[in-house]
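Novice: Supplied in structure tokens, the structure appears directly below.
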Amino acid sequence: MSILFSVECGDMLEILIDPIDVFPVVNPKYTEQVFLAYVGLEVVDSRLVGIKWFKPDIAPEGTLVFYGYVSRERRRTYHLYRQWFIVTEFYDELILKDLINGVNVRVKVKNMKPLGEYPDEDVIIRAEKEILSKGLQPSDEDPVRALYGYWLIMHIHENLTKSITSKNLI
């Protein structure tokens, strides 16, 4: 195992996503919420995998967090919310957009700045090419193309550091 990229040494920040509105529930049996945090990328047996962070209320600055919520019946999805965040000093009220029915939900976030649903398709394609050119296979279990795109192509963590530093100088 070798680490390709990591933000684990960043400053620790308390993180929180707190719904203001109630998320719609069609069938409780088929409703789920996903909260995944990634602090890096590592190579395991020539496969590129995400390094997960397992502490739900605290994370290093620069961590990428995926939040997803789905409510469905057995054969049809009625509500779907997906959002990427980067851990940095940030506190605001946001609107998560329902990607299917348009039932938007307001949430409060603490120390998680929204990035969008997913990186651009061009970034994903470039990430895939770079991963394969290094002789690695992207993991099917982790969203490594998105993680690679955000960290190693878009350098999203560096942009945060620069903007935070420039804010402190003013």
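By order of appearance in the structure tokens: chains A, B, ..., then residues from 1 within every chain, and ligands from 1 in the order shown.
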Could the residues of region 32-64 of chain A that have an atom at most 6 Å from region 6-9 of chain A be listed as JSON lines, each with its closest atom pair and the distance in Å to one decimal, counting only C-alpha atoms and ordered by chain and ascending residue number?

Specialist:
```
{"residue": "A:Val39", "atom": "CA", "partner": "A:Val7", "partner_atom": "CA", "distance": 5.4}
{"residue": "A:Gly40", "atom": "CA", "partner": "A:Ser6", "partner_atom": "CA", "distance": 4.0}
{"residue": "A:Pro60", "atom": "CA", "partner": "A:Glu8", "partner_atom": "CA", "distance": 5.8}
{"residue": "A:Gly62", "atom": "CA", "partner": "A:Val7", "partner_atom": "CA", "distance": 5.9}
```

Novice: Give me a file of those residues, with C-alpha atoms, as an mmCIF file, in the first residue's frame.

Specialist:
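What ended up in again_0.cif:
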```cif
data_model
loop_
_atom_site.group_PDB
_atom_site.id
_atom_site.type_symbol
_atom_site.label_atom_id
_atom_site.label_comp_id
_atom_site.auth_asym_id
_atom_site.auth_seq_id
_atom_site.Cartn_x
_atom_site.Cartn_y
_atom_site.Cartn_z
ATOM 1 C CA VAL A 39 -9.224 11.978 3.338
ATOM 2 C CA GLY A 40 -7.064 10.645 0.528
ATOM 3 C CA PRO A 60 -9.360 17.225 8.745
ATOM 4 C CA GLY A 62 -9.567 19.411 2.928
#
```

Novice: Per DSSP on the backbone, filter region 57-157 of chain A down to the residues in alpha helix (DSSP H) and report them as a count of residues only.

Specialist: 20

Novice: Write out as an MDAnalysis selection string the residues lying within 10 Å of Tyr38 (chain A), counting only C-alpha atoms and excluding same-chain residues fewer than 5 positions away.

Specialist: chainID A and resid 6:8 50:54 59:60 62:66 86 142:144 147

Novice: Write out as a Markdown table the residues of region 60-118 of chain A that have any atom within 7 Å of an atom of region 20-31 of chain A, one row each with the nearest atom pair and its distance in Å to one decimal, counting only C-alpha atoms, sorted by chain and then rising number.

Specialist:
```
| residue | atom | partner | partner_atom | distance |
| --- | --- | --- | --- | --- |
| A:Val70 | CA | A:Thr31 | CA | 5.6 |
| A:Ser71 | CA | A:Thr31 | CA | 4.2 |
| A:Arg72 | CA | A:Tyr30 | CA | 5.5 |
| A:Glu73 | CA | A:Asn27 | CA | 6.0 |
| A:Val105 | CA | A:Asp21 | CA | 5.6 |
| A:Arg106 | CA | A:Ile20 | CA | 5.4 |
| A:Val107 | CA | A:Ile20 | CA | 5.0 |
| A:Lys108 | CA | A:Ile20 | CA | 6.8 |
```

Novice: Of the candidates A:Arg82, A:Lys134, A:Arg145, A:Lys55, which one gets nearest to Pro114 (chain A) if we count only C-alpha atoms?

Specialist: A:Arg82

Novice: Skipping near chain neighbours, those fewer than 5 positions away, what residues fall within 10 Å of Glu121 (chain A) using only C-alpha atoms, listed as a list in words?

Specialist: Arg126, Ala127, Ala146 and Gly149 of chain A

Novice: Print the selection's residues with C-alpha atoms to a file, as a short mmCIF file (atom, residue, chain, number, x, y, z; two decimals), in the first residue's frame.

Specialist:
```cif
data_model
loop_
_atom_site.label_atom_id
_atom_site.label_comp_id
_atom_site.auth_asym_id
_atom_site.auth_seq_id
_atom_site.Cartn_x
_atom_site.Cartn_y
_atom_site.Cartn_z
CA ARG A 126 -9.13 13.38 -17.50
CA ALA A 127 -8.95 11.73 -14.06
CA ALA A 146 -14.30 12.28 -8.50
CA GLY A 149 -10.52 15.08 -10.06
#
```

Novice: Given the choices A:Tyr67, A:Glu32, A:Asn111, A:Ile58, which gets closest to His79 (chain A) if the distance is worked out from only C-alpha atoms?

Specialist: A:Glu32

Novice: If you measure from CA of Ile95 (chain A) to CA of Pro119 (chain A), what distance in Å do you get, rounded to one decimal?

Specialist: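 It comes out at 18.8 Å.
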
Novice: Need to verify the contact set: Phe35 (chain A), 10 Å, only C-alpha atoms, exclusion of same-chain residues closer than 2 positions in sequence. Can you return it as a short mmCIF file (atom, residue, chain, number, x, y, z; two decimals) with C-alpha atoms, in the first residue's frame?

Specialist:
```cif
data_model
loop_
_atom_site.label_atom_id
_atom_site.label_comp_id
_atom_site.auth_asym_id
_atom_site.auth_seq_id
_atom_site.Cartn_x
_atom_site.Cartn_y
_atom_site.Cartn_z
CA ILE A 17 -25.28 18.72 8.29
CA GLN A 33 -29.08 8.42 3.91
CA ALA A 37 -15.88 11.24 4.12
CA PRO A 56 -18.75 11.32 11.86
CA VAL A 65 -17.58 14.56 2.02
CA PHE A 66 -20.36 13.00 -0.03
CA TYR A 67 -23.92 13.32 1.24
CA GLY A 68 -26.75 11.38 -0.38
CA TYR A 69 -30.39 10.78 0.45
CA GLN A 83 -24.02 16.81 -2.74
CA TRP A 84 -20.22 16.95 -2.44
#
```

Novice: Here is a test: counting only C-alpha atoms, which residue of A:Leu80, A:Ile3, A:Asp122, A:Val87 is nearest to Val103 (chain A)?

Specialist: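 That would be A:Leu80, the residue with the smallest distance to Val103 (chain A).
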
Novice: Considering only C-alpha atoms, can you say which of A:Tyr91, A:Tyr78, A:Tyr118, A:Tyr148 comes closest to Leu132 (chain A)?

Specialist: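 Result for the nearest residue to Leu132 (chain A): A:Tyr148.
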
Novice: Hey, what's within 7 Å of Glu61 (chain A) if we count only C-alpha atoms and toss same-chain stuff fewer than 3 positions away? As a PDB file with N, CA and C atoms, in the first residue's frame, please?

Specialist:
```
ATOM      1  N   GLY A  10      -4.345  17.715   8.091  1.00  0.00           N
ATOM      2  CA  GLY A  10      -4.966  19.044   8.154  1.00  0.00           C
ATOM      3  C   GLY A  10      -5.555  19.328   9.528  1.00  0.00           C
ATOM      4  N   ASP A  11      -5.871  20.594   9.771  1.00  0.00           N
ATOM      5  CA  ASP A  11      -6.508  20.986  11.031  1.00  0.00           C
ATOM      6  C   ASP A  11      -7.857  20.293  11.163  1.00  0.00           C
ATOM      7  N   MET A  12      -8.152  19.801  12.353  1.00  0.00           N
ATOM      8  CA  MET A  12      -9.428  19.127  12.600  1.00  0.00           C
ATOM      9  C   MET A  12     -10.540  20.153  12.803  1.00  0.00           C
ATOM     10  N   LEU A  13     -11.668  19.905  12.127  1.00  0.00           N
ATOM     11  CA  LEU A  13     -12.828  20.781  12.246  1.00  0.00           C
ATOM     12  C   LEU A  13     -14.065  19.952  12.552  1.00  0.00           C
ATOM     13  N   VAL A  87     -14.312  20.025   3.483  1.00  0.00           N
ATOM     14  CA  VAL A  87     -14.245  20.491   4.866  1.00  0.00           C
ATOM     15  C   VAL A  87     -13.331  21.714   4.938  1.00  0.00           C
ATOM     16  N   THR A  88     -13.912  22.815   5.338  1.00  0.00           N
ATOM     17  CA  THR A  88     -13.210  24.075   5.564  1.00  0.00           C
ATOM     18  C   THR A  88     -14.089  24.932   6.467  1.00  0.00           C
TER      19      THR A  88
END
```

Novice: Here is a test: counting only C-alpha atoms, which residue of A:Gly116, A:His155, A:Lys110, A:Leu48 is nearest to Glu128 (chain A)?

Specialist: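 Closest residue, counting only C-alpha atoms: A:Leu48.
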
Novice: Could you tell me, as a PyMOL selection string, which residues of chain A DSSP assigns to strand (DSSP E) when given the backbone?

Specialist: chain A and resi 2-6+12-14+16-19+31-44+47-53+58-60+64-72+77-96+105-116+137-138

Novice: Between A:Ser133, A:Asp92, A:His157, A:Ser2, which has the minimum distance to Leu41 (chain A) (counting only C-alpha atoms)?

Specialist: A:Ser2

Novice: Work out how far apart CA of Trp151 (chain A) and CA of Ile124 (chain A) are and give it in Å to one decimal.

Specialist: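 Separation of CA of Trp151 (chain A) and CA of Ile124 (chain A): 11.8 Å.
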
Novice: Could you tell me how far CA of Leu152 (chain A) lies from CA of Leu99 (chain A), in Å and to one decimal?

Specialist: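 That distance, rounded to one decimal, is 27.6 Å.
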